[in-house]
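Structure file protein-v3.txt with compact mmCIF, C-alpha atoms:
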```
# COMPACT_ATOMS: atom_id res chain seq x y z
CA MET M 1 0.00 0.00 0.00
CA ARG M 2 2.80 2.38 0.98
CA GLY M 3 4.56 1.53 -2.29
CA ILE M 4 1.52 2.54 -4.35
CA VAL M 5 1.24 5.85 -2.46
CA LYS M 6 4.90 6.52 -3.16
CA ILE M 7 4.42 5.87 -6.89
CA VAL M 8 1.32 8.15 -7.05
CA VAL M 9 3.15 10.95 -5.19
CA ALA M 10 6.15 10.57 -7.51
CA LEU M 11 3.84 10.70 -10.56
CA VAL M 12 2.06 13.82 -9.24
CA ILE M 13 5.45 15.48 -8.65
CA VAL M 14 6.60 14.58 -12.18
CA VAL M 15 3.35 15.90 -13.71
CA LEU M 16 3.55 19.14 -11.70
CA LEU M 17 7.20 19.61 -12.61
CA TYR M 18 6.45 18.95 -16.30
CA SER M 19 3.52 21.41 -16.22
CA LEU M 20 5.78 24.04 -14.68
CA LEU M 21 8.46 23.52 -17.34
CA VAL M 22 5.81 23.70 -20.11
CA LYS M 23 4.51 26.95 -18.60
CA LEU M 24 8.06 28.34 -18.67
CA ASN M 25 8.35 27.22 -22.32
CA TRP M 26 11.31 24.99 -21.44
CA LEU M 27 9.54 21.83 -22.63
CA PRO M 28 6.94 21.29 -25.40
CA SER M 29 3.33 20.67 -24.34
CA VAL M 30 1.69 17.25 -24.87
CA GLY M 31 -0.58 18.74 -27.54
CA SER M 32 2.38 19.90 -29.60
CA TRP M 33 3.79 16.34 -29.74
CA PHE M 34 1.03 15.46 -32.21
CA LYS M 35 1.01 18.73 -34.08
CA ALA M 36 2.22 18.33 -37.66
CA SER M 37 5.39 20.29 -38.41
CA PRO M 38 4.77 23.09 -40.90
CA VAL M 39 6.04 22.41 -44.42
CA LEU M 40 8.50 25.15 -45.29
CA ILE M 41 9.83 25.86 -48.77
CA GLU M 42 13.54 26.11 -49.41
CA GLU M 43 15.27 29.35 -50.36
CA THR M 44 15.69 29.27 -54.15
CA PRO M 45 17.04 32.03 -56.38
CA LEU M 46 14.98 34.28 -58.63
CA LEU M 47 15.71 34.20 -62.32
CA ILE M 48 15.07 37.46 -64.18
CA THR M 49 13.67 36.53 -67.58
CA GLU M 50 12.56 39.91 -68.91
CA ILE M 51 13.06 43.61 -68.23
CA LYS M 52 10.66 45.96 -69.94
CA GLN M 53 10.37 49.74 -70.04
CA ILE M 54 6.76 50.83 -69.62
CA ALA M 55 4.96 54.10 -68.98
CA THR M 56 1.64 53.42 -67.28
CA LEU M 57 -0.13 55.84 -65.03
CA PHE M 58 -1.90 53.80 -62.32
CA THR M 59 -4.84 55.87 -61.18
CA ILE M 60 -7.42 53.64 -59.48
CA GLU M 61 -6.99 50.51 -57.40
CA SER M 62 -10.08 48.50 -56.51
CA SER M 63 -9.71 45.79 -53.87
CA ASP M 64 -12.37 43.12 -53.92
CA GLU M 65 -13.17 39.57 -52.82
CA VAL M 66 -15.00 36.99 -54.91
CA VAL M 67 -16.12 33.39 -54.51
CA VAL M 68 -15.59 30.89 -57.31
CA SER M 69 -16.49 27.23 -57.34
CA GLN M 70 -16.37 24.21 -59.58
CA VAL M 71 -18.21 20.91 -59.31
CA ARG M 72 -17.21 17.74 -61.15
CA PRO M 73 -18.32 14.09 -61.04
CA VAL M 74 -16.30 11.78 -58.82
CA PRO M 75 -13.60 10.17 -61.00
CA PRO M 76 -13.83 6.38 -61.48
CA GLY M 77 -11.62 4.37 -59.13
CA SER M 78 -11.59 7.04 -56.41
CA PRO M 79 -12.29 5.98 -52.76
CA LYS M 80 -15.66 7.78 -52.87
CA LYS M 81 -16.71 5.71 -55.91
CA ILE M 82 -15.65 2.47 -54.19
CA LEU M 83 -17.51 3.48 -51.00
CA ASP M 84 -20.61 4.07 -53.10
CA TRP M 85 -20.51 0.45 -54.30
CA ILE M 86 -20.23 -0.85 -50.73
CA SER M 87 -22.66 1.57 -49.06
CA PRO M 88 -26.34 0.54 -48.86
CA LEU M 89 -27.31 4.22 -49.26
CA PRO M 90 -26.35 6.20 -52.37
CA LEU M 91 -23.52 8.68 -51.76
CA ALA M 92 -23.14 12.05 -53.45
CA GLN M 93 -21.16 11.47 -56.63
CA ALA M 94 -19.80 14.99 -57.03
CA GLU M 95 -16.77 16.81 -55.71
CA GLN M 96 -16.35 20.52 -55.40
CA LEU M 97 -13.64 23.10 -55.01
CA VAL M 98 -14.60 26.48 -53.60
CA LEU M 99 -12.12 29.34 -53.44
CA VAL M 100 -12.45 32.73 -51.80
CA VAL M 101 -10.14 35.04 -53.72
CA LYS M 102 -9.07 38.52 -52.64
CA GLY M 103 -7.64 40.61 -55.44
CA LYS M 104 -6.87 44.05 -56.77
CA VAL M 105 -7.89 45.57 -60.07
CA ILE M 106 -5.66 48.43 -61.18
CA ALA M 107 -6.88 50.80 -63.85
CA GLY M 108 -4.80 53.43 -65.54
CA THR M 109 -3.57 55.10 -68.67
CA ASP M 110 -0.89 53.80 -70.99
CA LEU M 111 1.26 56.87 -71.49
CA SER M 112 3.65 55.01 -73.79
CA ARG M 113 0.90 55.41 -76.40
CA LEU M 114 1.10 59.21 -76.03
CA GLU M 115 1.86 60.50 -79.50
CA SER M 116 3.93 63.60 -80.24
CA ASN M 117 0.92 65.41 -81.71
CA ALA M 118 -1.01 64.78 -78.48
CA ILE M 119 0.75 67.72 -76.81
CA PHE M 120 0.13 71.28 -77.96
CA ILE M 121 1.83 74.28 -76.33
CA ARG M 122 1.40 78.01 -76.83
CA TYR M 123 3.05 80.43 -74.35
CA ASP M 124 1.73 79.43 -70.89
CA SER M 125 -1.05 77.25 -72.27
CA VAL M 126 -0.83 73.50 -72.78
CA SER M 127 -3.19 70.92 -74.19
CA VAL M 128 -2.58 67.19 -73.71
CA THR M 129 -4.74 64.40 -75.09
CA ILE M 130 -4.17 61.05 -73.40
CA PRO M 131 -5.46 57.58 -74.29
CA ALA M 132 -8.57 56.35 -72.45
CA ALA M 133 -8.03 54.43 -69.21
CA ARG M 134 -7.99 50.66 -69.29
CA ILE M 135 -7.68 47.84 -66.76
CA GLN M 136 -3.92 47.47 -66.47
CA ASP M 137 -3.54 44.70 -63.91
CA ILE M 138 -5.63 42.19 -62.05
CA ILE M 139 -3.68 40.92 -59.10
CA VAL M 140 -4.75 37.63 -57.58
CA ASN M 141 -1.93 36.10 -55.60
CA PRO M 142 -1.71 32.92 -53.48
CA SER M 143 -1.55 35.00 -50.28
CA GLY M 144 -5.08 36.24 -51.04
CA THR M 145 -6.49 32.86 -52.04
CA ASP M 146 -8.37 30.84 -49.48
CA VAL M 147 -9.41 27.25 -50.21
CA PHE M 148 -12.85 27.11 -48.58
CA ILE M 149 -14.05 23.64 -49.68
CA GLU M 150 -11.87 20.99 -51.30
CA GLU M 151 -13.36 17.59 -52.04
CA GLY M 152 -11.21 15.12 -53.92
CA ASN M 153 -7.86 15.76 -55.60
CA TRP M 154 -7.77 18.81 -57.84
CA SER M 155 -4.89 19.33 -60.21
CA GLN M 156 -2.89 22.57 -60.27
CA ALA M 157 -4.22 23.30 -63.76
CA GLU M 158 -7.84 22.98 -62.56
CA THR M 159 -7.17 25.32 -59.65
CA ASN M 160 -5.37 27.81 -61.91
CA LYS M 161 -8.39 27.85 -64.20
CA LEU M 162 -10.65 28.60 -61.25
CA VAL M 163 -8.37 31.43 -60.07
CA SER M 164 -8.44 32.84 -63.62
CA GLN M 165 -12.25 32.78 -63.40
CA ALA M 166 -11.93 34.78 -60.17
CA SER M 167 -9.75 37.34 -62.02
CA GLU M 168 -12.41 37.70 -64.70
CA LYS M 169 -15.09 38.12 -62.02
CA LEU M 170 -12.98 40.83 -60.34
CA ARG M 171 -12.61 42.61 -63.71
CA GLN M 172 -16.37 42.49 -64.36
CA ARG M 173 -17.25 43.77 -60.90
CA ALA M 174 -14.71 46.60 -61.07
CA THR M 175 -15.97 47.62 -64.53
CA GLU M 176 -19.57 47.58 -63.27
CA LYS M 177 -18.51 49.91 -60.44
CA GLY M 178 -17.31 52.42 -63.04
CA ILE M 179 -13.60 52.02 -62.37
CA LEU M 180 -12.65 53.18 -65.90
CA VAL M 181 -14.58 56.44 -65.64
CA LYS M 182 -12.99 57.10 -62.24
CA ALA M 183 -9.55 56.20 -63.67
CA ASP M 184 -9.99 58.69 -66.52
CA GLU M 185 -11.00 61.43 -64.08
CA GLN M 186 -8.04 60.70 -61.81
CA ALA M 187 -5.57 60.61 -64.74
CA LEU M 188 -6.74 64.05 -65.83
CA LYS M 189 -6.38 65.32 -62.27
CA VAL M 190 -2.85 63.91 -61.81
CA LEU M 191 -1.59 65.23 -65.16
CA ARG M 192 -3.23 68.63 -64.65
CA ASN M 193 -1.46 68.93 -61.28
CA PHE M 194 1.86 67.86 -62.80
CA LEU M 195 1.55 70.48 -65.55
CA ALA M 196 0.40 73.17 -63.12
CA LEU M 197 3.50 72.53 -61.01
CA GLN M 198 5.60 73.22 -64.12
CA GLY M 199 4.10 76.72 -64.31
CA PHE M 200 1.51 76.33 -67.06
CA GLN M 201 -1.42 78.69 -66.44
CA LYS M 202 -4.00 77.37 -68.88
CA ILE M 203 -4.17 73.58 -68.92
CA ARG M 204 -6.40 71.35 -70.96
CA VAL M 205 -6.10 67.60 -70.46
CA ALA M 206 -8.53 65.32 -72.24
CA THR M 207 -8.90 61.67 -73.08
CA ASN M 208 -9.25 60.19 -76.55
CA MET S 1 -51.88 11.97 -37.68
CA SER S 2 -51.85 15.72 -38.45
CA LYS S 3 -49.38 16.23 -35.59
CA PHE S 4 -47.23 13.46 -37.01
CA GLY S 5 -47.40 15.22 -40.41
CA GLN S 6 -46.29 18.50 -38.83
CA TYR S 7 -43.35 16.77 -37.16
CA LEU S 8 -42.44 15.13 -40.47
CA ASN S 9 -42.59 18.47 -42.29
CA GLY S 10 -40.47 20.08 -39.59
CA LEU S 11 -37.93 17.27 -39.84
CA LEU S 12 -37.82 17.58 -43.63
CA LEU S 13 -37.29 21.35 -43.37
CA LEU S 14 -34.49 20.78 -40.87
CA LEU S 15 -32.87 18.25 -43.20
CA LEU S 16 -33.15 20.63 -46.15
CA ALA S 17 -31.61 23.45 -44.11
CA GLY S 18 -28.82 21.12 -43.04
CA CYS S 19 -28.13 20.12 -46.65
CA SER S 20 -28.09 23.68 -47.98
CA SER S 21 -24.72 24.97 -49.14
CA SER S 22 -22.77 27.06 -46.68
CA ILE S 23 -20.90 28.91 -49.45
CA PRO S 24 -21.05 32.63 -48.83
CA ARG S 25 -23.17 34.03 -51.65
CA GLU S 26 -22.61 37.74 -51.08
CA GLU S 27 -19.35 39.34 -52.07
CA LYS S 28 -18.48 42.90 -51.22
CA VAL S 29 -16.17 45.58 -52.56
CA LEU S 30 -13.41 46.13 -50.07
CA ALA S 31 -12.14 49.52 -51.26
CA ILE S 32 -11.58 51.79 -54.21
CA LYS S 33 -8.43 53.88 -53.88
CA GLU S 34 -7.33 56.83 -55.99
CA MET S 35 -3.66 56.95 -56.86
CA GLY S 36 -1.24 58.58 -59.26
CA ALA S 37 1.72 56.27 -59.72
CA LEU S 38 3.79 56.21 -62.87
CA ALA S 39 4.97 52.65 -63.51
CA THR S 40 8.07 52.69 -65.68
CA THR S 41 9.66 49.27 -65.23
CA GLN S 42 8.39 45.72 -65.45
CA TYR S 43 10.45 42.72 -64.43
CA THR S 44 9.41 39.15 -65.10
CA VAL S 45 11.05 36.65 -62.76
CA THR S 46 10.72 32.90 -62.30
CA LYS S 47 11.24 30.79 -59.21
CA ILE S 48 11.21 27.12 -58.29
CA VAL S 49 9.21 26.31 -55.18
CA LYS S 50 10.81 23.32 -53.48
CA ALA S 51 9.35 21.63 -50.39
CA SER S 52 9.74 18.32 -48.54
CA ASP S 53 7.26 17.15 -45.94
CA ASN S 54 9.32 14.81 -43.76
CA GLN S 55 9.54 16.60 -40.43
CA THR S 56 6.48 15.20 -38.63
CA TRP S 57 7.66 12.20 -36.60
CA TYR S 58 4.40 10.22 -36.57
CA LYS S 59 3.79 10.43 -40.35
CA ILE S 60 5.30 7.48 -42.16
CA GLY S 61 6.85 8.28 -45.51
CA ASP S 62 7.86 11.50 -47.28
CA ARG S 63 6.19 13.88 -49.68
CA LYS S 64 8.14 16.12 -52.02
CA ILE S 65 6.90 18.78 -54.39
CA LEU S 66 8.39 21.10 -57.01
CA LEU S 67 6.34 23.94 -58.44
CA SER S 68 7.47 26.66 -60.82
CA VAL S 69 6.05 30.18 -60.64
CA GLU S 70 6.43 33.36 -62.62
CA ALA S 71 6.05 36.81 -61.11
CA ASN S 72 5.56 40.23 -62.67
CA LEU S 73 7.00 43.13 -60.72
CA LYS S 74 6.23 46.74 -61.59
CA ALA S 75 8.10 49.70 -60.21
CA GLY S 76 7.86 53.44 -60.63
CA ILE S 77 7.22 56.68 -58.79
CA ASP S 78 4.29 58.25 -57.01
CA LEU S 79 3.48 61.44 -58.91
CA THR S 80 1.04 62.60 -56.22
CA GLN S 81 4.01 63.12 -53.90
CA LEU S 82 5.31 65.96 -56.08
CA SER S 83 4.91 69.42 -54.59
CA GLU S 84 5.67 72.99 -55.71
CA GLU S 85 9.15 72.90 -54.15
CA ASP S 86 10.08 69.89 -56.28
CA ILE S 87 9.72 71.61 -59.65
CA THR S 88 11.51 74.78 -60.75
CA SER S 89 11.20 76.03 -64.30
CA SER S 90 12.39 79.14 -66.06
CA GLY S 91 12.30 79.65 -69.79
CA ASN S 92 13.43 76.49 -71.50
CA SER S 93 15.00 74.88 -68.44
CA ILE S 94 13.34 72.76 -65.80
CA GLN S 95 14.54 71.07 -62.60
CA ILE S 96 12.49 68.23 -61.12
CA LYS S 97 13.10 66.42 -57.86
CA LEU S 98 11.23 63.10 -58.11
CA PRO S 99 10.17 60.90 -55.20
CA PRO S 100 12.22 57.70 -54.81
CA PRO S 101 11.10 54.76 -56.96
CA LYS S 102 9.12 52.01 -55.28
CA ILE S 103 7.48 48.69 -56.07
CA LEU S 104 3.95 49.28 -57.32
CA SER S 105 2.74 45.74 -57.87
CA LEU S 106 3.69 42.10 -57.52
CA GLN S 107 1.64 39.62 -59.46
CA LEU S 108 1.85 35.83 -59.73
CA PRO S 109 -0.31 35.00 -62.77
CA PRO S 110 -2.27 31.79 -62.01
CA GLU S 111 -1.71 30.40 -65.52
CA LYS S 112 2.07 30.52 -64.91
CA ILE S 113 1.97 28.28 -61.82
CA ARG S 114 2.97 24.75 -62.81
CA LEU S 115 3.41 21.53 -60.92
CA GLU S 116 6.78 20.21 -62.09
CA TYR S 117 7.21 17.16 -59.88
CA GLU S 118 5.51 15.45 -56.96
CA GLU S 119 6.61 12.35 -55.04
CA VAL S 120 4.26 10.90 -52.45
CA GLY S 121 5.08 8.02 -50.08
CA LEU S 122 2.82 4.96 -50.06
CA LEU S 123 1.18 5.90 -46.76
CA ARG S 124 0.85 9.60 -47.49
CA SER S 125 -1.71 11.59 -49.45
CA GLU S 126 -1.00 14.05 -52.25
CA PHE S 127 -0.49 17.74 -51.44
CA SER S 128 -3.95 19.30 -51.26
CA GLN S 129 -4.73 22.59 -52.97
CA GLU S 130 -4.84 24.23 -49.55
CA GLU S 131 -1.29 23.02 -48.84
CA ARG S 132 -0.06 24.04 -52.30
CA THR S 133 -1.59 27.50 -51.89
CA ALA S 134 0.19 27.84 -48.54
CA LEU S 135 3.51 26.88 -50.20
CA LEU S 136 2.90 29.38 -53.00
CA ALA S 137 2.11 32.10 -50.44
CA GLN S 138 5.53 31.38 -48.88
CA ALA S 139 7.10 31.71 -52.34
CA GLU S 140 5.33 35.03 -52.82
CA LYS S 141 6.86 36.27 -49.54
CA GLN S 142 10.32 35.09 -50.63
CA ILE S 143 9.96 36.92 -53.96
CA GLU S 144 8.89 40.07 -52.12
CA ALA S 145 11.89 39.81 -49.80
CA ALA S 146 14.30 39.31 -52.74
CA ILE S 147 13.04 42.35 -54.71
CA PRO S 148 15.89 44.70 -53.66
CA GLU S 149 18.44 42.18 -54.98
CA THR S 150 16.90 42.20 -58.48
CA GLY S 151 17.95 45.82 -59.02
CA ILE S 152 14.48 46.77 -60.22
CA LEU S 153 14.46 50.03 -58.29
CA GLU S 154 17.69 51.18 -59.96
CA THR S 155 16.28 50.28 -63.39
CA ALA S 156 13.07 52.12 -62.50
CA ARG S 157 15.14 55.19 -61.62
CA SER S 158 16.72 55.15 -65.06
CA HIS S 159 13.48 54.39 -66.94
CA THR S 160 11.60 57.10 -65.01
CA ARG S 161 14.30 59.64 -65.77
CA ASP S 162 14.08 58.70 -69.48
CA TRP S 163 10.32 59.03 -69.66
CA ILE S 164 10.09 62.28 -67.70
CA THR S 165 12.88 63.73 -69.87
CA ARG S 166 11.03 62.78 -73.06
CA PHE S 167 7.77 64.21 -71.70
CA CYS S 168 9.48 67.49 -70.74
CA GLN S 169 11.09 67.66 -74.19
CA GLN S 170 7.63 67.30 -75.72
CA LEU S 171 6.56 70.20 -73.50
CA GLY S 172 9.28 72.33 -75.07
CA TYR S 173 12.04 72.20 -72.44
CA THR S 174 15.58 71.85 -73.73
CA GLU S 175 17.52 71.89 -70.48
CA ILE S 176 16.16 69.22 -68.17
CA ASN S 177 17.60 68.40 -64.78
CA ILE S 178 16.11 65.43 -62.99
CA GLU S 179 17.09 64.13 -59.59
CA PHE S 180 15.58 61.83 -57.02
CA ALA S 181 14.75 62.96 -53.49
CA ASP S 182 16.73 60.09 -51.96
CA GLN S 183 19.69 60.44 -54.35
CA PRO S 184 20.33 64.11 -55.08
CA THR S 185 22.89 63.61 -57.86
CA SER S 186 21.72 65.66 -60.77
CA ILE S 187 22.06 64.64 -64.37
CA LEU S 188 21.86 67.41 -66.90
CA ARG S 189 20.34 66.64 -70.26
```

Represent the structure contained in this file as structure tokens.
Amino acid sequence: MRGIVKIVVALVIVVLLYSLLVKLNWLPSVGSWFKASPVLIEETPLLITEIKQIATLFTIESSDEVVVSQVRPVPPGSPKKILDWISPLPLAQAEQLVLVVKGKVIAGTDLSRLESNAIFIRYDSVSVTIPAARIQDIIVNPSGTDVFIEEGNWSQAETNKLVSQASEKLRQRATEKGILVKADEQALKVLRNFLALQGFQKIRVATN
Amino acid sequence: MSKFGQYLNGLLLLLLAGCSSSIPREEKVLAIKEMGALATTQYTVTKIVKASDNQTWYKIGDRKILLSVEANLKAGIDLTQLSEEDITSSGNSIQIKLPPPKILSLQLPPEKIRLEYEEVGLLRSEFSQEERTALLAQAEKQIEAAIPETGILETARSHTRDWITRFCQQLGYTEINIEFADQPTSILR
């Protein structure tokens, strides 16, 4: 009997001591023993494949979030298909992938298309005609992509296609919100300010 | 019997509600921001994303993956930062002090993300899309951190100077002096 008491007391002491060391962050907690280690990528170099000179005036940035999804039939030979054969009740024979994608749509004016006859100067007056604003970039990056539902194995190409659909959705929504009109207005404002700072008194900036 | 019918209807409704999709239907615009940045340089870079999943002690077998990504970086200057003190003009000469160049956008086009190689142990499952996206997000961070080493900001400085010079020439200036606020070494053209 005394032996059992001794063992219990020793165990309690060990547990208390371990708890104290965990609290002090000197030992890992029991929960962390079964926590999967994060998969980290290795440091690899960047390879520069192209350098391009551009002249684009970014004037409006619209941040948005869209949901895209795709449903496909369960491929033959997959565990779900096999389970369906065994199961007395019919199982859903479709898999879906749902992504929540945050992105940015940037609209602006391509000033590299500014022709020499687009600028007219007389004394302190200047007239500049710039091309109409267009969507310049749609930025959807992995850091803004959240996989909400993933059933089955989806290939990288299938996911890329879905993210491209999200880009198109972002473009449509931004266009519906009048981003191009706003971008034109902002381009005129920015260029007018730039010309005013150069001392021009009468400034006319217009879009094509 | 009618009570039983009511219970049955209620149960059916509950089942239907339980089966309904939980996908958020409503999407909202986060923000629309006005800006005035002149992008003058675009770099295209590629990177190999390399990862091995063999660090968890209770998982038997390894998983390895290689993905290749392409990124588009754009750099330029913020024209809205220009103030009256930054531009001096008299006659045919003009002096402009431009704000320092900065990165304006980083984009990883989805169509340029490719799975190059994947090796999965017998007792392991393939990398899910969620895991791949997490790996790609790490790659995006690495690209962002390596931007200064690409020299894009120096190229942007040169490209910006070129474009502003050409624009000022079109405005009739013949003597153009452009410098950057963080690097006040003037170049006379």

Hey, what's within 6 Å of Pro142 in chain M if we count all atoms listed in the file and toss same-chain stuff fewer than 2 positions away? As a VMD selection string, please?
(chain M and resid 144 to 145) or (chain S and resid 133 136 to 137)

Give the residues of chain M that lie within 6 Å of chain S; count only C-alpha atoms, and format the answer as an MDAnalysis selection string.
chainID M and resid 36:37 39 41:42 46:64 66 139 141:143 147 160 197

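Proximity ranking of M:Ser116, M:Ser19, M:Asn25, M:Thr207 relative to Val181 in chain M places M:Thr207 first, based on only C-alpha atoms.
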
Between S:Gly121, S:Arg166, S:Leu153, S:Glu175, smallest distance to Ser112 in chain M by all atoms listed in the file belongs to S:Arg166

Find the distance between CA of Ala107 in chain M and CA of Ile135 in chain M and write it in Å to one decimal.
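Separation of CA of Ala107 in chain M and CA of Ile135 in chain M: 4.2 Å.
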
Go through S:Arg161, S:Lys64, S:Ile176, S:Glu144 one by one, measure the shortest atom-to-atom distance of each to Ser93 in chain S using only C-alpha atoms, and give the residue with the smallest value.
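Looking only at the distances to Ser93 in chain S, the closest residue turns out to be S:Ile176.
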
One number please: CA of Pro88 in chain M to CA of Pro76 in chain M, in Å, one decimal.
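Calculated distance between CA of Pro88 in chain M and CA of Pro76 in chain M is 18.7 Å.
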
Atom pair CA of Lys97 in chain S + CA of Phe200 in chain M, distance 17.8 Å

What's around Asp146 in chain M at 7 Å? Count all atoms listed in the file, leave out sequence neighbours fewer than 4 positions away in its own chain, and write the answer as a VMD selection string.
chain M and resid 99 to 101

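Considering the residues M:Ala166, M:Ile119, M:Leu27, M:Val140 and counting only C-alpha atoms, Gln169 in chain S has its shortest atom-to-atom contact with M:Ile119.
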
Give as a PDB file with C-alpha atoms, in the coordinates of the input every residue, naming chains and numbers as the document does, that has an atom within 10 Å of (-10.3, 61.2, -63.8), counting all atoms listed in the file.
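Saved file part-v6.pdb follows:
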```pdb
ATOM      1  CA  THR M  59      -4.840  55.870 -61.180  1.00  0.00           C
ATOM      2  CA  ILE M  60      -7.420  53.640 -59.480  1.00  0.00           C
ATOM      3  CA  GLY M 108      -4.800  53.430 -65.540  1.00  0.00           C
ATOM      4  CA  ALA M 133      -8.030  54.430 -69.210  1.00  0.00           C
ATOM      5  CA  ILE M 179     -13.600  52.020 -62.370  1.00  0.00           C
ATOM      6  CA  LEU M 180     -12.650  53.180 -65.900  1.00  0.00           C
ATOM      7  CA  VAL M 181     -14.580  56.440 -65.640  1.00  0.00           C
ATOM      8  CA  LYS M 182     -12.990  57.100 -62.240  1.00  0.00           C
ATOM      9  CA  ALA M 183      -9.550  56.200 -63.670  1.00  0.00           C
ATOM     10  CA  ASP M 184      -9.990  58.690 -66.520  1.00  0.00           C
ATOM     11  CA  GLU M 185     -11.000  61.430 -64.080  1.00  0.00           C
ATOM     12  CA  GLN M 186      -8.040  60.700 -61.810  1.00  0.00           C
ATOM     13  CA  ALA M 187      -5.570  60.610 -64.740  1.00  0.00           C
ATOM     14  CA  LEU M 188      -6.740  64.050 -65.830  1.00  0.00           C
ATOM     15  CA  LYS M 189      -6.380  65.320 -62.270  1.00  0.00           C
ATOM     16  CA  VAL M 190      -2.850  63.910 -61.810  1.00  0.00           C
ATOM     17  CA  LEU M 191      -1.590  65.230 -65.160  1.00  0.00           C
ATOM     18  CA  ALA M 206      -8.530  65.320 -72.240  1.00  0.00           C
ATOM     19  CA  THR M 207      -8.900  61.670 -73.080  1.00  0.00           C
TER      20      THR M 207
ATOM     21  CA  GLU S  34      -7.330  56.830 -55.990  1.00  0.00           C
TER      22      GLU S  34
END
```

Any chance you could work out the axis-aligned box around range 165-180 of chain S, listed atoms only, 6 Å on each side, giving centre and edge lengths in Å to one decimal, as JSON?
```
{"center_x": 12.1, "center_y": 67.1, "center_z": -66.4, "size_x": 23.0, "size_y": 22.5, "size_z": 30.7}
```

Restricting the calculation to all atoms listed in the file, which member of S:Arg63, S:Pro100, S:Ser68, S:Gln81 is positioned closest to Pro45 in chain M?
S:Ser68
